[in-house]
file entry00.txt (compact mmCIF, C-alpha atoms and all ligand atoms)
# COMPACT_ATOMS: atom_id res chain seq x y z
CA MET N 1 76.97 83.05 125.55
CA THR N 2 77.34 85.78 122.95
CA LYS N 3 75.46 86.79 119.78
CA ALA N 4 76.33 86.57 116.11
CA ILE N 5 74.87 86.84 112.62
CA ARG N 6 74.85 83.35 111.09
CA ILE N 7 73.67 81.93 107.78
CA TYR N 8 72.50 78.36 107.17
CA ALA N 9 72.39 78.62 103.37
CA ASN N 10 73.51 80.98 100.64
CA GLY N 11 70.98 83.53 99.45
CA GLY N 12 69.72 87.10 99.82
CA PRO N 13 70.06 89.27 102.95
CA ASP N 14 67.10 87.42 104.52
CA VAL N 15 69.26 84.33 105.15
CA MET N 16 71.02 86.17 107.99
CA ARG N 17 69.96 85.18 111.53
CA TRP N 18 70.79 86.93 114.81
CA GLU N 19 71.53 84.07 117.20
CA ASP N 20 73.11 83.06 120.48
CA ILE N 21 76.43 81.26 120.09
CA THR N 22 78.82 79.72 122.58
CA LEU N 23 82.49 80.57 122.27
CA PRO N 24 85.16 78.25 123.65
CA LEU N 25 87.91 79.78 125.79
CA PRO N 26 90.73 81.23 123.67
CA SER N 27 93.20 78.52 122.60
CA VAL N 28 96.95 78.75 122.85
CA GLY N 29 98.08 81.89 121.03
CA GLU N 30 94.57 83.37 120.77
CA ALA N 31 92.91 86.41 122.33
CA ARG N 32 89.18 86.92 122.97
CA ILE N 33 88.10 90.21 121.39
CA CYS N 34 84.95 92.09 122.39
CA HIS N 35 84.13 93.66 119.04
CA THR N 36 83.17 97.32 119.12
CA ALA N 37 83.06 97.88 115.33
CA ILE N 38 82.85 95.36 112.50
CA ALA N 39 83.65 96.11 108.87
CA LEU N 40 81.19 95.37 106.13
CA ASN N 41 83.14 94.42 103.02
CA PHE N 42 81.76 93.61 99.59
CA SER N 43 83.29 90.15 99.98
CA ASP N 44 80.77 89.51 102.82
CA VAL N 45 78.02 89.95 100.24
CA ASN N 46 79.80 87.51 97.92
CA VAL N 47 80.21 84.93 100.70
CA ARG N 48 76.53 85.33 101.64
CA ARG N 49 75.41 84.92 98.02
CA GLY N 50 77.70 81.90 97.61
CA GLY N 51 79.98 80.46 95.00
CA PHE N 52 81.86 83.60 94.19
CA TYR N 53 85.26 83.16 95.79
CA MET N 54 84.96 79.90 97.68
CA THR N 55 87.32 77.05 96.82
CA ARG N 56 85.47 74.52 99.03
CA PRO N 57 81.80 74.15 99.99
CA PRO N 58 80.84 76.50 102.86
CA GLN N 59 80.55 74.91 106.30
CA PHE N 60 77.07 75.98 107.53
CA PRO N 61 76.08 77.51 109.81
CA LEU N 62 78.73 80.17 109.24
CA ILE N 63 79.28 83.61 110.69
CA LEU N 64 79.97 86.24 108.03
CA GLY N 65 82.74 88.84 108.04
CA ASN N 66 86.46 88.78 108.66
CA GLU N 67 87.46 92.29 109.76
CA ALA N 68 86.74 94.06 113.03
CA ALA N 69 88.11 96.15 115.87
CA GLY N 70 87.55 95.90 119.61
CA ILE N 71 88.96 95.38 123.06
CA VAL N 72 90.98 92.40 124.26
CA ALA N 73 88.85 90.62 126.90
CA THR N 74 91.15 87.76 127.79
CA VAL N 75 94.17 85.99 126.33
CA GLY N 76 95.03 82.32 125.90
CA ALA N 77 98.26 80.64 126.96
CA GLY N 78 101.39 81.89 125.26
CA VAL N 79 100.11 85.38 124.42
CA ARG N 80 102.62 87.79 125.88
CA ASP N 81 102.34 91.03 123.95
CA LEU N 82 98.61 91.69 124.54
CA LYS N 83 96.58 92.18 127.71
CA PRO N 84 92.92 92.70 128.60
CA GLY N 85 91.84 96.25 127.75
CA ASP N 86 94.13 96.68 124.72
CA ARG N 87 92.45 98.22 121.66
CA VAL N 88 93.07 96.11 118.55
CA ALA N 89 91.84 95.39 115.03
CA TYR N 90 92.34 92.58 112.49
CA VAL N 91 91.86 91.80 108.81
CA GLY N 92 91.49 88.05 108.48
CA THR N 93 92.54 85.44 110.98
CA GLY N 94 95.34 83.68 109.17
CA GLY N 95 93.38 81.18 107.05
CA PRO N 96 91.71 81.76 103.68
CA PHE N 97 89.96 85.14 104.00
CA TYR N 98 86.62 84.09 102.51
CA GLU N 99 86.50 80.64 104.10
CA ASN N 100 87.54 81.42 107.64
CA THR N 101 85.00 84.07 108.56
CA GLY N 102 83.44 84.94 111.93
CA ALA N 103 83.55 88.71 112.54
CA TYR N 104 79.77 89.43 112.57
CA ALA N 105 79.71 88.58 116.26
CA GLU N 106 79.82 90.38 119.57
CA GLU N 107 82.97 88.44 120.49
CA ARG N 108 85.50 86.27 118.67
CA ASN N 109 88.70 84.36 119.46
CA VAL N 110 91.44 85.57 117.12
CA PRO N 111 95.09 84.48 116.76
CA ALA N 112 97.14 87.14 118.53
CA ALA N 113 99.52 87.30 115.54
CA CYS N 114 96.69 88.76 113.45
CA LEU N 115 95.88 91.57 115.87
CA ILE N 116 97.07 95.11 115.24
CA ARG N 117 97.28 97.38 118.26
CA LEU N 118 95.48 100.67 117.57
CA PRO N 119 97.32 103.94 118.10
CA ASP N 120 95.61 106.54 120.33
CA GLY N 121 94.46 108.70 117.41
CA ILE N 122 92.58 105.88 115.65
CA ALA N 123 89.05 105.10 116.85
CA GLU N 124 87.88 101.49 116.59
CA ALA N 125 85.15 102.33 114.05
CA GLN N 126 87.74 104.19 111.96
CA ALA N 127 90.04 101.15 112.03
CA ALA N 128 87.23 98.81 110.98
CA ALA N 129 86.31 101.17 108.15
CA LEU N 130 89.91 101.60 107.05
CA LEU N 131 92.02 98.49 107.25
CA LEU N 132 90.98 96.07 104.49
CA LYS N 133 89.99 98.86 102.13
CA GLY N 134 93.20 100.76 102.92
CA LEU N 135 95.36 97.64 102.51
CA THR N 136 93.75 97.19 99.09
CA ALA N 137 94.57 100.78 98.13
CA SER N 138 98.09 100.29 99.55
CA MET N 139 98.59 97.14 97.45
CA ILE N 140 97.63 99.06 94.32
CA VAL N 141 99.65 102.25 94.82
CA ASN N 142 102.66 100.68 96.54
CA LYS N 143 102.99 97.41 94.63
CA ILE N 144 101.16 97.51 91.32
CA PHE N 145 100.93 101.00 89.87
CA ARG N 146 102.23 104.02 91.75
CA PRO N 147 100.81 107.21 90.23
CA GLN N 148 103.50 109.74 89.35
CA PRO N 149 103.05 113.53 89.54
CA GLY N 150 101.15 114.61 86.45
CA ASP N 151 99.69 111.16 85.68
CA ALA N 152 95.97 111.04 84.99
CA ILE N 153 94.33 108.08 86.76
CA LEU N 154 90.78 106.78 86.30
CA ILE N 155 89.19 105.29 89.44
CA HIS N 156 85.90 103.43 88.95
CA ALA N 157 83.28 103.69 91.71
CA ALA N 158 85.36 106.55 93.09
CA ALA N 159 82.98 107.06 96.04
CA SER N 160 83.16 103.41 97.19
CA GLY N 161 85.04 102.38 100.32
CA VAL N 162 88.24 101.54 98.43
CA GLY N 163 87.59 104.23 95.81
CA LEU N 164 87.65 107.18 98.23
CA LEU N 165 90.96 106.00 99.69
CA LEU N 166 92.45 105.56 96.20
CA CYS N 167 91.28 109.06 95.19
CA GLN N 168 92.99 110.64 98.19
CA TRP N 169 96.18 108.61 97.82
CA ALA N 170 96.53 109.22 94.06
CA LYS N 171 95.87 112.94 94.57
CA HIS N 172 98.46 113.07 97.35
CA LEU N 173 101.01 111.52 94.97
CA GLY N 174 100.36 114.31 92.46
CA ALA N 175 98.00 112.60 90.01
CA THR N 176 95.02 114.13 88.27
CA VAL N 177 92.12 111.97 89.42
CA LEU N 178 89.18 111.06 87.20
CA GLY N 179 86.47 109.02 88.89
CA THR N 180 83.27 107.31 87.81
CA VAL N 181 80.34 107.59 90.24
CA GLY N 182 76.73 106.44 90.34
CA SER N 183 75.03 109.67 91.50
CA PRO N 184 75.54 113.44 91.87
CA GLU N 185 75.78 113.01 95.65
CA LYS N 186 78.59 110.47 95.17
CA ALA N 187 80.26 112.95 92.77
CA ARG N 188 80.22 115.56 95.55
CA ILE N 189 81.72 113.14 98.07
CA ALA N 190 84.39 111.92 95.63
CA ALA N 191 85.33 115.57 94.89
CA ALA N 192 85.75 116.19 98.62
CA HIS N 193 88.23 113.28 98.67
CA GLY N 194 90.49 114.41 95.82
CA CYS N 195 88.59 113.42 92.67
CA ASP N 196 89.23 116.23 90.15
CA HIS N 197 86.68 115.09 87.56
CA ALA N 198 83.68 112.97 88.54
CA ILE N 199 81.94 111.18 85.65
CA LEU N 200 78.33 110.04 86.12
CA TYR N 201 78.82 106.70 84.37
CA ARG N 202 75.17 105.67 84.57
CA GLU N 203 74.27 108.76 82.51
CA VAL N 204 77.16 109.30 80.11
CA ASP N 205 79.58 107.19 78.08
CA PHE N 206 82.59 107.17 80.42
CA VAL N 207 85.10 106.37 77.64
CA ALA N 208 84.07 109.49 75.70
CA ALA N 209 84.15 111.55 78.90
CA VAL N 210 87.67 110.33 79.75
CA ARG N 211 88.96 110.94 76.21
CA LYS N 212 87.51 114.45 76.27
CA LEU N 213 89.35 115.23 79.52
CA VAL N 214 92.58 113.34 78.67
CA PRO N 215 92.78 112.84 74.87
CA GLN N 216 95.96 110.71 75.04
CA GLY N 217 94.38 108.38 77.62
CA VAL N 218 95.00 107.90 81.34
CA ALA N 219 98.11 106.24 82.74
CA ALA N 220 96.11 103.68 84.71
CA VAL N 221 92.60 102.56 85.57
CA PHE N 222 91.81 101.27 89.07
CA ASP N 223 88.65 99.17 88.68
CA GLY N 224 86.68 97.56 91.49
CA VAL N 225 83.47 97.32 89.45
CA GLY N 226 84.51 94.60 86.98
CA LYS N 227 81.94 93.30 84.50
CA ASP N 228 80.31 96.64 83.65
CA THR N 229 83.53 98.66 83.30
CA PHE N 230 86.53 96.46 82.54
CA THR N 231 86.34 96.00 78.75
CA ALA N 232 85.51 99.66 78.02
CA SER N 233 88.37 100.67 80.33
CA LEU N 234 90.83 99.26 77.76
CA ASP N 235 89.84 102.25 75.60
CA CYS N 236 90.59 104.78 78.37
CA VAL N 237 94.33 104.13 78.82
CA ARG N 238 97.31 105.54 76.95
CA PRO N 239 99.85 103.23 75.26
CA PHE N 240 101.75 101.15 77.85
CA GLY N 241 99.01 101.96 80.39
CA MET N 242 97.84 99.66 83.17
CA ILE N 243 94.39 98.41 84.13
CA VAL N 244 94.18 97.14 87.69
CA ASN N 245 90.98 95.16 88.13
CA TYR N 246 90.77 94.63 91.90
CA GLY N 247 87.06 93.88 92.32
CA ASN N 248 83.86 92.60 90.74
CA ALA N 249 81.05 94.63 92.35
CA SER N 250 79.00 94.32 89.13
CA GLY N 251 80.03 90.71 88.39
CA HIS N 252 82.92 88.75 86.89
CA VAL N 253 84.99 90.29 84.12
CA PRO N 254 84.47 88.37 80.85
CA PRO N 255 87.39 86.32 79.46
CA LEU N 256 90.08 88.58 77.99
CA ASP N 257 91.74 88.05 74.59
CA LEU N 258 95.36 88.94 75.40
CA LEU N 259 95.98 90.10 71.82
CA LEU N 260 93.65 93.02 72.56
CA LEU N 261 96.26 94.34 75.00
CA SER N 262 98.80 94.53 72.20
CA LYS N 263 96.35 96.02 69.71
CA LYS N 264 95.25 98.77 72.10
CA GLY N 265 98.80 99.98 72.87
CA SER N 266 100.82 97.30 74.65
CA LEU N 267 98.71 97.57 77.77
CA SER N 268 99.13 95.67 81.04
CA VAL N 269 96.44 94.16 83.22
CA SER N 270 96.71 93.13 86.86
CA ARG N 271 94.12 91.25 88.95
CA PRO N 272 95.49 91.30 92.51
CA GLY N 273 94.13 89.94 95.82
CA PHE N 274 95.19 91.89 98.92
CA SER N 275 95.82 88.83 101.12
CA HIS N 276 98.80 87.74 98.99
CA TYR N 277 100.43 91.10 99.63
CA ILE N 278 100.19 90.91 103.44
CA ALA N 279 100.85 87.18 103.85
CA ASP N 280 103.74 87.67 106.24
CA THR N 281 103.07 89.34 109.58
CA GLN N 282 105.82 91.94 109.26
CA THR N 283 104.51 93.22 105.93
CA TYR N 284 100.92 93.24 107.28
CA ARG N 285 101.95 95.27 110.32
CA ALA N 286 104.07 97.69 108.27
CA ALA N 287 101.22 98.27 105.80
CA CYS N 288 98.75 98.96 108.66
CA ALA N 289 101.27 101.32 110.30
CA GLU N 290 101.57 103.25 107.04
CA LEU N 291 97.76 103.60 106.88
CA PHE N 292 97.59 104.89 110.47
CA ASP N 293 100.37 107.37 109.69
CA LEU N 294 98.58 108.63 106.55
CA VAL N 295 95.41 109.13 108.62
CA ALA N 296 97.32 110.89 111.41
CA ARG N 297 98.87 113.27 108.85
CA GLY N 298 95.46 114.04 107.35
CA ILE N 299 96.38 112.55 103.96
CA LEU N 300 93.70 109.85 104.21
CA LYS N 301 90.28 110.68 105.68
CA VAL N 302 88.19 107.66 106.60
CA GLU N 303 84.64 108.19 105.39
CA ILE N 304 82.11 106.12 107.37
CA GLY N 305 79.11 106.39 105.06
CA ARG N 306 76.72 104.67 107.45
CA SER N 307 76.74 102.54 110.55
CA TYR N 308 74.18 99.91 111.57
CA ALA N 309 73.52 97.84 114.64
CA LEU N 310 75.10 94.42 114.10
CA CYS N 311 71.67 92.79 114.45
CA ASP N 312 70.56 94.88 111.41
CA ALA N 313 73.31 93.52 109.16
CA ALA N 314 70.68 92.43 106.60
CA ALA N 315 69.64 96.08 106.10
CA ALA N 316 73.29 97.02 105.61
CA HIS N 317 73.71 94.28 102.97
CA ARG N 318 70.62 95.56 101.14
CA ASP N 319 72.11 99.04 101.04
CA VAL N 320 75.36 97.68 99.60
CA GLU N 321 73.43 95.89 96.86
CA HIS N 322 71.40 99.06 96.13
CA ARG N 323 74.63 101.13 95.88
CA SER N 324 72.96 103.69 98.11
CA PHE N 325 75.91 105.00 100.15
CA ALA N 326 79.45 106.30 99.77
CA GLY N 327 82.51 105.35 101.80
CA SER N 328 82.68 102.45 104.26
CA LEU N 329 79.93 100.80 106.30
CA VAL N 330 80.43 99.57 109.85
CA LEU N 331 78.32 97.30 112.04
CA LEU N 332 78.14 98.13 115.74
CA PRO N 333 77.53 95.32 118.27
N1 LIG A 1 91.24 92.47 95.31
C1 LIG A 1 91.13 92.64 96.60
O1 LIG A 1 91.95 92.19 97.38
C2 LIG A 1 89.96 93.39 97.14
C3 LIG A 1 89.99 93.96 98.41
C4 LIG A 1 88.91 94.73 98.84
C5 LIG A 1 87.80 94.88 98.03
N2 LIG A 1 87.77 94.25 96.81
C6 LIG A 1 86.64 94.39 95.91
O2 LIG A 1 86.61 95.71 95.46
C7 LIG A 1 85.27 96.09 95.14
C8 LIG A 1 84.93 97.39 95.81
O3 LIG A 1 85.03 97.24 97.21
P1 LIG A 1 84.48 98.39 98.16
O4 LIG A 1 84.72 98.01 99.56
O5 LIG A 1 85.03 99.69 97.69
O6 LIG A 1 82.93 98.28 97.81
P2 LIG A 1 81.70 99.26 98.11
O7 LIG A 1 82.11 100.36 99.00
O8 LIG A 1 80.57 98.38 98.50
O9 LIG A 1 81.39 99.92 96.70
C9 LIG A 1 81.11 99.20 95.55
C10 LIG A 1 80.65 100.21 94.50
O10 LIG A 1 80.62 99.59 93.24
C11 LIG A 1 79.69 100.25 92.44
N3 LIG A 1 78.87 99.24 91.75
C12 LIG A 1 78.77 99.10 90.42
N4 LIG A 1 77.95 98.10 90.10
C13 LIG A 1 77.49 97.58 91.26
C14 LIG A 1 76.58 96.53 91.57
N5 LIG A 1 76.00 95.79 90.62
N6 LIG A 1 76.33 96.28 92.86
C15 LIG A 1 76.92 96.99 93.84
N7 LIG A 1 77.78 98.01 93.60
C16 LIG A 1 78.07 98.29 92.31
C17 LIG A 1 78.84 101.16 93.33
O11 LIG A 1 79.25 102.51 93.12
P3 LIG A 1 78.41 103.50 92.17
O12 LIG A 1 77.04 103.64 92.75
O13 LIG A 1 79.22 104.75 92.20
O14 LIG A 1 78.39 102.83 90.82
C18 LIG A 1 79.22 100.72 94.74
O15 LIG A 1 79.12 101.77 95.64
C19 LIG A 1 84.39 94.92 95.58
O16 LIG A 1 84.13 94.09 94.46
C20 LIG A 1 85.28 94.16 96.55
O17 LIG A 1 84.96 92.79 96.66
C21 LIG A 1 88.83 93.53 96.36
call {"tool": "encode", "arguments": {"input": "entry00.txt", "output": "structure tokens"}}
result
Amino acid sequence: MTKAIRIYANGGPDVMRWEDITLPLPSVGEARICHTAIALNFSDVNVRRGGFYMTRPPQFPLILGNEAAGIVATVGAGVRDLKPGDRVAYVGTGGPFYENTGAYAEERNVPAACLIRLPDGIAEAQAAALLLKGLTASMIVNKIFRPQPGDAILIHAAASGVGLLLCQWAKHLGATVLGTVGSPEKARIAAAHGCDHAILYREVDFVAAVRKLVPQGVAAVFDGVGKDTFTASLDCVRPFGMIVNYGNASGHVPPLDLLLLSKKGSLSVSRPGFSHYIADTQTYRAACAELFDLVARGILKVEIGRSYALCDAAAAHRDVEHRSFAGSLVLLP
């Protein structure tokens, strides 16, 4: 018997229940992980609310979450490269990320191929706070738009989990970083993570603020906010610039008239999903290794904004919806 947060219907944070569950023994190729830190990702909120990303009806009751770190408790047949006591983490378990959840639990059986062994310098809570958000930042800067020295880049919600990693990475690559933030405290935290110019976008017109700082327009916008920022972001970029919309924290982006991209300076738009970029195990492991190396070299700091007991996951979800923290949240079993 172990415990997990389950939901029986979509809805607000109150639908979450802290319950006993029974786990089968690990199957062939699986390992049983005792979770020590579980990531809270915005996608967990979307899965809880329902309808957002799902391509098939949810199978209730379901356990939320799909990213965690912990200790190998036991391994199933055929698992040779892991043993009890190993420290590991995972992002997803091989199936569709939003439809194959189960991390908000004290223990979980996970395919061994999905497990990343943690280096000595990386704590389990750090790994849970880093991996999905770091893989998202990696996808953007390594595969979609790599900031060049001297580029000005606009990062929306710069103090968010992904935003703080993007600020540090873009700064490390030599960019001038502009970031929108929801409060003066978030501006301070973003500045401590490489954001050169924080713009309080709930108080000022961010397009005017960007144009004042960079009259010709920024080279790229990295946007995890979506509905409230995407369309105005088209007016922030220079000709041939790129808008990467990687998230919808404020809601879906409205339909885009492609002719606008031509009219506003032959712009490009990308709407990536991280799981496509780490679909093969070798690429996934290499991308995680790069993140660990960047942390070890002090280039990326992992900001754990808050941690909560796993049984208090509903309080954590409320805080996400109230935008009341910076950095990453972790749940502790
Ligand atoms: N494409 C991918 O593969 C991928 C991967 C990971 C994450 N994502 C998406 O990227 C986005 C950011 O992820 P994250 O982990 O950085 O999220 P997060 O840490 O929870 O931060 C989201 C931020 O968005 C801002 N925001 C604006 N409007 C909001 C609203 N109505 N409700 C809540 N927050 C709002 C808030 O910052 P301010 O207070 O500063 O406005 C908030 O702190 C999410 O939509 C997530 O689903 C996509």
call {"tool": "residues_near_ligand", "arguments": {"input": "entry00.txt", "ligand": "ligand LIG 1 (chain A)", "cutoff": "7 Å", "atoms": "all atoms listed in the file", "output": "JSON, numbers by chain"}}
result
{"N": [41, 42, 43, 132, 133, 136, 157, 158, 159, 160, 161, 162, 163, 180, 181, 182, 183, 186, 224, 225, 246, 247, 248, 249, 250, 251, 272, 273, 274, 275, 320, 321, 322, 323, 324, 325, 326, 327, 328]}
call {"tool": "residues_around", "arguments": {"input": "entry00.txt", "residues": "segment 57-66 of chain N", "least_positions_apart": "5", "cutoff": "7 Å", "atoms": "all atoms listed in the file", "output": "ChimeraX atom specification"}}
result
/N:4-9,40,44,91-92,97,101-104
call {"tool": "residues_around", "arguments": {"input": "entry00.txt", "residues": "Asp257 of chain N", "least_positions_apart": "5", "cutoff": "12 Å", "atoms": "all atoms listed in the file", "output": "PyMOL selection string"}}
result
chain N and resi 231+234+262-264+269
call {"tool": "closest_residue", "arguments": {"input": "entry00.txt", "among": "N:Val237, N:Ile299, N:Ala68, N:Ala112", "to": "Lys83 of chain N", "atoms": "all atoms listed in the file"}}
result
N:Ala112
call {"tool": "atom_distance", "arguments": {"input": "entry00.txt", "atom1": "atom CA of Pro333 of chain N", "atom2": "atom CA of Ile33 of chain N"}}
result
12.1 Å
call {"tool": "axis_aligned_box", "arguments": {"input": "entry00.txt", "around": "segment 179-197 of chain N", "padding_each_side": "3 Å", "output": "JSON"}}
result
{"center_x": 82.8, "center_y": 111.3, "center_z": 93.1, "size_x": 21.5, "size_y": 15.8, "size_z": 17.1}
call {"tool": "closest_residue", "arguments": {"input": "entry00.txt", "among": "N:Ala191, N:Ala77, N:Ala105, N:Leu131", "to": "Met1 of chain N", "atoms": "all atoms listed in the file"}}
result
N:Ala105
call {"tool": "residues_near_point", "arguments": {"input": "entry00.txt", "point": "(98.2, 95.3, 129.8)", "cutoff": "12 Å", "atoms": "all atoms listed in the file", "output": "ChimeraX atom specification"}}
result
/N:71-75,79-87,117
call {"tool": "residues_around", "arguments": {"input": "entry00.txt", "residues": "segment 280-295 of chain N", "least_positions_apart": "3", "cutoff": "12 Å", "atoms": "only C-alpha atoms", "output": "PyMOL selection string"}}
result
chain N and resi 88-94+111-124+126-139+141-143+165+168-169+172+274-277+298-303
call {"tool": "atom_distance", "arguments": {"input": "entry00.txt", "atom1": "atom CA of Val218 of chain N", "atom2": "atom CA of Cys167 of chain N"}}
result
14.4 Å
call {"tool": "closest_residue", "arguments": {"input": "entry00.txt", "among": "N:Thr176, N:Thr22, N:Asn100, N:Ser307", "to": "Leu331 of chain N", "atoms": "all atoms listed in the file"}}
result
N:Ser307
call {"tool": "closest_residue", "arguments": {"input": "entry00.txt", "among": "N:Phe206, N:Asn10, N:Lys171, N:Leu260", "to": "Ala190 of chain N", "atoms": "only C-alpha atoms"}}
result
N:Lys171
call {"tool": "closest_residue", "arguments": {"input": "entry00.txt", "among": "N:Pro255, N:Ala315, N:Gly95, N:Leu164", "to": "Ala279 of chain N", "atoms": "only C-alpha atoms"}}
result
N:Gly95
call {"tool": "atom_distance", "arguments": {"input": "entry00.txt", "atom1": "atom CA of Arg17 of chain N", "atom2": "atom CA of Arg318 of chain N"}}
result
14.7 Å
call {"tool": "closest_residue", "arguments": {"input": "entry00.txt", "among": "N:Glu107, N:Leu329, N:Ala296, N:Gly179", "to": "His197 of chain N", "atoms": "all atoms listed in the file"}}
result
N:Gly179
call {"tool": "residues_around", "arguments": {"input": "entry00.txt", "residues": "Leu23 of chain N", "least_positions_apart": "5", "cutoff": "8 Å", "atoms": "all atoms listed in the file", "output": "ChimeraX atom specification"}}
result
/N:1-2,108-109
call {"tool": "decode", "arguments": {"input": "entry00.txt", "residues": "segment 14-84 of chain N", "atoms": "C-alpha atoms", "output": "compact mmCIF listing (two decimals), in the first residue's frame"}}
result
# COMPACT_ATOMS: atom_id res chain seq x y z
CA ASP N 14 -10.57 20.64 -4.61
CA VAL N 15 -10.99 17.58 -6.87
CA MET N 16 -7.65 16.23 -5.63
CA ARG N 17 -7.86 13.38 -3.08
CA TRP N 18 -5.05 11.92 -0.96
CA GLU N 19 -5.69 8.18 -1.05
CA ASP N 20 -4.23 4.74 -0.49
CA ILE N 21 -3.36 2.90 -3.69
CA THR N 22 -1.98 -0.55 -4.37
CA LEU N 23 0.93 -0.86 -6.77
CA PRO N 24 1.60 -4.11 -8.62
CA LEU N 25 5.16 -5.45 -8.61
CA PRO N 26 7.31 -3.83 -11.32
CA SER N 27 6.78 -5.53 -14.70
CA VAL N 28 9.52 -6.65 -17.04
CA GLY N 29 11.77 -3.68 -17.76
CA GLU N 30 10.34 -1.52 -14.95
CA ALA N 31 11.79 -0.21 -11.69
CA ARG N 32 9.86 0.75 -8.54
CA ILE N 33 10.83 4.30 -7.54
CA CYS N 34 10.33 5.71 -4.04
CA HIS N 35 9.73 9.33 -4.96
CA THR N 36 11.57 11.89 -2.88
CA ALA N 37 10.63 14.98 -4.94
CA ILE N 38 7.86 15.44 -7.50
CA ALA N 39 7.70 18.27 -10.02
CA LEU N 40 4.66 20.47 -10.31
CA ASN N 41 4.29 21.50 -13.94
CA PHE N 42 1.71 23.83 -15.42
CA SER N 43 0.53 20.89 -17.53
CA ASP N 44 -0.63 19.20 -14.28
CA VAL N 45 -3.03 22.12 -13.83
CA ASN N 46 -4.24 21.69 -17.41
CA VAL N 47 -4.78 17.94 -16.94
CA ARG N 48 -6.65 18.60 -13.68
CA ARG N 49 -8.86 21.24 -15.31
CA GLY N 50 -9.50 18.94 -18.27
CA GLY N 51 -9.81 19.21 -22.00
CA PHE N 52 -6.72 21.24 -22.61
CA TYR N 53 -4.23 18.83 -24.13
CA MET N 54 -5.99 15.49 -23.98
CA THR N 55 -6.61 13.59 -27.21
CA ARG N 56 -8.81 10.94 -25.52
CA PRO N 57 -11.18 11.09 -22.54
CA PRO N 58 -9.30 10.83 -19.21
CA GLN N 59 -9.43 7.45 -17.47
CA PHE N 60 -10.61 8.28 -13.92
CA PRO N 61 -9.49 7.92 -11.25
CA LEU N 62 -6.14 9.25 -12.41
CA ILE N 63 -2.99 10.26 -10.60
CA LEU N 64 -1.64 13.63 -11.74
CA GLY N 65 1.95 14.48 -12.65
CA ASN N 66 4.58 12.92 -14.85
CA GLU N 67 7.96 14.08 -13.53
CA ALA N 68 9.74 13.10 -10.34
CA ALA N 69 12.99 12.02 -8.73
CA GLY N 70 13.69 9.36 -6.12
CA ILE N 71 15.41 6.16 -5.14
CA VAL N 72 15.16 2.81 -6.91
CA ALA N 73 13.41 0.41 -4.47
CA THR N 74 13.33 -2.72 -6.59
CA VAL N 75 13.66 -3.69 -10.24
CA GLY N 76 11.63 -5.98 -12.48
CA ALA N 77 13.00 -8.75 -14.68
CA GLY N 78 15.36 -7.65 -17.41
CA VAL N 79 16.57 -4.45 -15.74
CA ARG N 80 20.35 -4.68 -15.65
CA ASP N 81 21.69 -1.16 -15.43
CA LEU N 82 19.85 -0.06 -12.25
CA LYS N 83 19.87 -1.42 -8.71
CA PRO N 84 18.08 -0.65 -5.44
